[in-house]
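This is input_15.csv (CSV, C-alpha atoms).
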chain,number,residue,atom,x,y,z
A,84,MET,CA,83.9,103.2,107.6
A,85,VAL,CA,82.0,102.7,104.4
A,86,PHE,CA,83.9,102.9,101.1
A,87,THR,CA,81.9,104.3,98.1
A,88,GLY,CA,82.6,105.8,94.7
A,89,THR,CA,84.7,105.0,91.6
A,90,TYR,CA,88.1,106.6,91.0
A,91,GLU,CA,90.3,106.1,88.0
A,92,HIS,CA,94.0,105.9,88.8
A,93,ALA,CA,97.1,104.3,87.5
A,94,ILE,CA,99.5,101.8,89.1
A,95,ASP,CA,102.9,103.5,88.6
A,96,ALA,CA,106.2,101.9,87.6
A,97,LYS,CA,107.0,101.4,91.3
A,98,CYS,CA,103.8,99.4,91.8
A,99,ARG,CA,102.1,102.2,93.7
A,100,ILE,CA,98.6,103.5,93.6
A,101,ALA,CA,97.4,106.8,94.9
A,102,ILE,CA,94.5,106.7,97.4
A,103,PRO,CA,92.0,109.5,96.7
A,104,SER,CA,92.3,112.5,99.1
A,105,ASP,CA,88.8,112.2,100.4
A,106,ILE,CA,89.4,108.5,101.3
A,107,ARG,CA,92.7,109.4,102.9
A,108,ARG,CA,91.0,112.0,105.1
A,109,MET,CA,88.4,109.4,106.3
A,110,LEU,CA,91.1,106.9,107.0
A,111,GLN,CA,93.1,109.4,109.0
A,112,ARG,CA,90.0,110.4,111.0
A,113,GLU,CA,89.1,106.8,111.7
A,114,GLN,CA,92.6,106.1,112.9
A,115,GLY,CA,92.5,109.1,115.3
A,116,GLY,CA,94.0,112.0,113.4
A,117,ASP,CA,97.3,113.1,112.0
A,118,ASP,CA,99.2,112.2,115.2
A,119,ALA,CA,98.0,108.5,115.2
A,120,GLY,CA,100.9,107.4,112.9
A,121,PRO,CA,100.9,106.0,109.4
A,122,VAL,CA,97.7,104.6,107.9
A,123,VAL,CA,97.9,100.9,107.2
A,124,LEU,CA,95.7,99.0,104.9
A,125,TYR,CA,95.6,95.3,104.1
A,126,ALA,CA,96.0,94.3,100.5
A,127,VAL,CA,94.1,91.1,99.8
A,128,LEU,CA,93.6,88.9,96.8
A,129,GLY,CA,90.0,89.5,95.8
A,130,GLY,CA,89.7,87.1,93.0
A,131,ALA,CA,91.5,86.4,89.7
A,132,GLU,CA,91.5,90.0,88.7
A,133,THR,CA,91.0,92.1,91.8
A,134,ILE,CA,93.0,93.4,94.8
A,135,CYS,CA,91.0,94.4,97.8
A,136,LEU,CA,92.1,97.0,100.4
A,137,TYR,CA,90.8,96.8,103.9
A,138,THR,CA,91.4,99.0,106.9
A,139,GLU,CA,93.1,97.4,109.9
A,140,ALA,CA,89.8,97.3,111.8
A,141,GLY,CA,88.0,95.8,108.7
A,142,TYR,CA,90.7,93.2,108.2
A,143,ARG,CA,90.5,92.2,111.9
A,144,ARG,CA,86.7,92.0,111.7
A,145,LEU,CA,86.9,89.8,108.6
A,146,SER,CA,89.4,87.5,110.4
A,147,GLU,CA,87.0,87.2,113.4
A,148,GLU,CA,84.1,86.5,111.1
A,149,LEU,CA,86.1,83.7,109.5
A,150,ARG,CA,86.7,82.0,112.9
A,151,GLY,CA,83.0,82.1,113.7
A,152,SER,CA,81.8,81.3,110.2
A,153,GLY,CA,80.6,77.8,110.8
A,154,LEU,CA,82.6,76.4,107.9
A,155,ASP,CA,83.7,72.8,108.0
A,156,PRO,CA,87.2,72.9,109.7
A,157,GLU,CA,88.9,71.5,106.6
A,158,GLU,CA,87.2,74.1,104.4
A,159,LEU,CA,88.1,76.9,106.8
A,160,LEU,CA,91.8,75.7,107.0
A,161,ALA,CA,92.0,75.6,103.2
A,162,TYR,CA,90.5,79.1,102.9
A,163,GLU,CA,92.7,80.6,105.7
A,164,ASP,CA,95.8,79.1,104.1
A,165,LEU,CA,95.2,81.1,100.9
A,166,PHE,CA,93.6,84.2,102.5
A,167,TYR,CA,96.4,85.0,104.9
A,168,ALA,CA,99.2,83.9,102.5
A,169,MET,CA,97.7,86.3,99.9
A,170,SER,CA,97.3,89.2,102.2
A,171,ARG,CA,99.8,91.9,103.2
A,172,PRO,CA,99.8,95.1,105.2
A,173,VAL,CA,100.6,98.2,103.1
A,174,GLU,CA,101.3,101.6,104.5
A,175,LEU,CA,100.2,105.0,103.0
A,176,ASP,CA,103.3,107.0,102.2
A,177,LYS,CA,103.5,110.8,102.6
A,178,ALA,CA,102.1,111.3,99.1
A,179,GLY,CA,99.1,109.2,99.9
A,180,ARG,CA,100.1,106.1,97.9
A,181,VAL,CA,100.4,102.5,98.8
A,182,ARG,CA,102.8,100.1,97.2
A,183,LEU,CA,100.9,97.0,96.0
A,184,PRO,CA,102.6,93.7,96.7
A,185,ASP,CA,104.3,92.1,93.7
A,186,HIS,CA,102.7,88.7,94.3
A,187,LEU,CA,99.2,90.2,94.1
A,188,LEU,CA,100.0,92.2,91.0
A,189,GLU,CA,101.4,89.1,89.3
A,190,ARG,CA,98.4,87.0,90.3
A,191,THR,CA,95.8,89.5,89.1
A,192,GLY,CA,97.6,90.9,86.1
A,193,LEU,CA,96.8,94.5,87.2
A,194,SER,CA,99.0,97.3,85.9
A,195,GLY,CA,98.5,100.7,84.3
A,196,ASP,CA,95.0,102.2,84.4
A,197,VAL,CA,92.8,100.8,87.1
A,198,ALA,CA,89.5,101.6,88.8
A,199,LEU,CA,89.5,101.9,92.5
A,200,THR,CA,85.9,101.2,93.6
A,201,GLY,CA,84.1,101.4,96.9
A,202,ALA,CA,82.7,98.0,98.1
A,203,GLY,CA,81.2,98.9,101.5
A,204,ASP,CA,83.7,97.7,104.0
A,205,HIS,CA,86.7,97.7,101.6
A,206,MET,CA,87.9,99.1,98.3
A,207,LYS,CA,88.6,97.1,95.1
A,208,ILE,CA,91.3,97.7,92.6
A,209,ARG,CA,90.4,96.4,89.1
A,210,ASP,CA,91.4,96.8,85.5
A,211,LYS,CA,89.7,100.0,84.3
A,212,VAL,CA,88.5,98.7,81.0
A,213,ALA,CA,87.2,95.4,82.5
A,214,TRP,CA,85.4,97.4,85.2
A,215,GLN,CA,83.7,99.7,82.6
A,216,ALA,CA,82.7,96.7,80.5
A,217,ARG,CA,81.2,94.9,83.5
A,218,LEU,CA,79.4,98.1,84.6
A,219,ASP,CA,78.0,98.6,81.1
A,220,ALA,CA,76.9,94.9,80.8
A,221,VAL,CA,75.2,94.9,84.2
A,222,LEU,CA,73.4,98.2,83.7
A,223,THR,CA,72.3,97.1,80.2
A,224,GLN,CA,71.2,93.5,81.1
A,225,THR,CA,69.6,94.4,84.4
A,226,PRO,CA,68.5,98.0,84.3
A,227,GLY,CA,66.6,97.7,87.5
A,228,VAL,CA,69.6,96.5,89.5
A,229,LEU,CA,69.9,99.9,91.3
A,230,VAL,CA,66.2,100.1,92.3
A,231,ASN,CA,66.0,101.0,95.9
A,232,PRO,CA,65.9,97.7,97.9
A,233,ARG,CA,63.1,99.1,100.0
A,234,LEU,CA,60.9,99.2,96.9
A,235,LEU,CA,61.9,95.7,96.1
A,236,THR,CA,61.0,94.5,99.6
A,237,GLY,CA,57.5,96.0,99.2
A,238,ARG,CA,57.0,94.3,95.8
A,239,ARG,CA,58.1,90.9,97.2
A,240,LYS,CA,55.5,91.2,100.0
A,241,ASP,CA,52.8,92.2,97.5
A,242,ARG,CA,53.6,89.1,95.3
A,243,ALA,CA,53.6,86.8,98.3
A,244,GLY,CA,50.0,87.7,99.0
A,245,ASP,CA,48.9,86.8,95.5
Could you write out this file's structure as structure tokens?
Amino acid sequence: MVFTGTYEHAIDAKCRIAIPSDIRRMLQREQGGDDAGPVVLYAVLGGAETICLYTEAGYRRLSEELRGSGLDPEELLAYEDLFYAMSRPVELDKAGRVRLPDHLLERTGLSGDVALTGAGDHMKIRDKVAWQARLDAVLTQTPGVLVNPRLLTGRRKDRAGD
């Protein structure tokens, strides 16, 4: 499953965020339909100001990649100590919301208006104003950032021949 798009939502007083209906439908399909039981996502600390949401399969894949990462055992242990301690499964309720863990909300400072953004294999929850500022800055400072990578590859090959 590939997560895309930007959705503006709010974290409510009960620490819940609504998952957009199109994403809920994809999650339900991936899990096997309405009879497969509740949809579970994994809420993970994604940095100082971000909470990431992974599907169960995505979280499992990430865990397997960690084991085979080739990191020094001490580095891997230190990372895993934090990664797993700062992760928690969250279940979609009947209204399509997930309750975000208190410890992640406290650590990130997220509340109120947020942006839920697709990030390929997961979604990110970020402060709405900070996301807009980052988006504006990147698009202003590097206007070619969204150039098709296939075009960039061709340009690199041309320059290598010079």
*Got a sec: who's within 12 Å of segment 101-111 of chain A, counting all atoms listed in the file, leaving out chain neighbours fewer than 4 positions off, as a PyMOL selection string?*
chain A and resi 84-95+97+115-124+136-141+173-183+196-201+205-208
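The shortest atom-to-atom distance to Leu149 of chain A, with only C-alpha atoms taken into account, belongs to A:Glu163 out of A:Leu229, A:Glu163, A:Met169, A:Tyr125.
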*Can you tell me how far atom CA of Val127 of chain A sits from atom CA of Val221 of chain A, in Å to one decimal?*
24.8 Å
Exercise: Arg190 of chain A partners within 8 Å, only C-alpha atoms, chain neighbours under 2 positions left out, as a PDB file with C-alpha atoms, in the frame of the given file:
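Final output, saved to result-v9.pdb:
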ATOM      1  CA  ALA A 131      91.500  86.400  89.700  1.00  0.00           C
ATOM      2  CA  GLU A 132      91.500  90.000  88.700  1.00  0.00           C
ATOM      3  CA  HIS A 186     102.700  88.700  94.300  1.00  0.00           C
ATOM      4  CA  LEU A 187      99.200  90.200  94.100  1.00  0.00           C
ATOM      5  CA  LEU A 188     100.000  92.200  91.000  1.00  0.00           C
ATOM      6  CA  GLY A 192      97.600  90.900  86.100  1.00  0.00           C
TER       7      GLY A 192
END
*asked:* For a test of reading the model, state the distance in Å between atom CA of Ser146 of chain A and atom CA of Thr133 of chain A, rounded to one decimal.
replied: 19.2 Å
*Find the residues around Pro184 of chain A up to 8 Å (only C-alpha atoms counted), leave out those fewer than 4 positions away in its own chain, and share them as a list of chain:residue names.*
A:Cys98, A:Ala126, A:Arg171, A:Leu188
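Interatomic distance, atom CA of Ser170 of chain A against atom CA of Arg112 of chain A: 24.1 Å.
Proximity ranking of A:Glu189, A:Leu128, A:Ser194, A:Pro226 relative to Tyr162 of chain A places A:Leu128 first, based on only C-alpha atoms.
Using all atoms listed in the file, the shortest contact distance between Arg99 of chain A and any of A:Leu160, A:Leu222, A:Leu145, A:Leu193 is found at A:Leu193.
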What would the file be for segment 96-128 of chain A if you keep C-alpha atoms and write it as a PDB file, in the first residue's frame?
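out.pdb, written as the output of this step:
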ATOM      1  CA  ALA A  96      -9.930  16.706  22.844  1.00  0.00           C
ATOM      2  CA  LYS A  97      -9.817  12.907  23.262  1.00  0.00           C
ATOM      3  CA  CYS A  98      -6.520  12.730  21.314  1.00  0.00           C
ATOM      4  CA  ARG A  99      -8.139  11.203  18.228  1.00  0.00           C
ATOM      5  CA  ILE A 100      -7.553  11.947  14.568  1.00  0.00           C
ATOM      6  CA  ALA A 101      -9.868  10.945  11.743  1.00  0.00           C
ATOM      7  CA  ILE A 102      -8.317   8.869   8.992  1.00  0.00           C
ATOM      8  CA  PRO A 103      -9.608  10.061   5.588  1.00  0.00           C
ATOM      9  CA  SER A 104     -12.284   7.825   4.063  1.00  0.00           C
ATOM     10  CA  ASP A 105     -10.285   7.002   0.915  1.00  0.00           C
ATOM     11  CA  ILE A 106      -7.382   5.801   3.065  1.00  0.00           C
ATOM     12  CA  ARG A 107      -9.738   3.820   5.314  1.00  0.00           C
ATOM     13  CA  ARG A 108     -11.152   2.048   2.246  1.00  0.00           C
ATOM     14  CA  MET A 109      -7.641   1.130   1.051  1.00  0.00           C
ATOM     15  CA  LEU A 110      -6.701  -0.107   4.524  1.00  0.00           C
ATOM     16  CA  GLN A 111      -9.851  -2.226   4.746  1.00  0.00           C
ATOM     17  CA  ARG A 112      -9.223  -3.696   1.266  1.00  0.00           C
ATOM     18  CA  GLU A 113      -5.616  -4.498   2.106  1.00  0.00           C
ATOM     19  CA  GLN A 114      -6.690  -6.220   5.291  1.00  0.00           C
ATOM     20  CA  GLY A 115      -9.227  -8.399   3.492  1.00  0.00           C
ATOM     21  CA  GLY A 116     -12.516  -6.491   3.594  1.00  0.00           C
ATOM     22  CA  ASP A 117     -15.072  -5.555   6.210  1.00  0.00           C
ATOM     23  CA  ASP A 118     -15.172  -9.046   7.743  1.00  0.00           C
ATOM     24  CA  ALA A 119     -11.425  -9.080   8.513  1.00  0.00           C
ATOM     25  CA  GLY A 120     -11.868  -7.289  11.824  1.00  0.00           C
ATOM     26  CA  PRO A 121     -10.660  -3.916  13.020  1.00  0.00           C
ATOM     27  CA  VAL A 122      -7.902  -2.071  11.185  1.00  0.00           C
ATOM     28  CA  VAL A 123      -4.785  -1.659  13.287  1.00  0.00           C
ATOM     29  CA  LEU A 124      -2.089   0.891  12.569  1.00  0.00           C
ATOM     30  CA  TYR A 125       1.184   1.427  14.389  1.00  0.00           C
ATOM     31  CA  ALA A 126       1.836   4.918  15.742  1.00  0.00           C
ATOM     32  CA  VAL A 127       5.576   5.576  15.807  1.00  0.00           C
ATOM     33  CA  LEU A 128       7.643   8.576  16.844  1.00  0.00           C
TER      34      LEU A 128
END
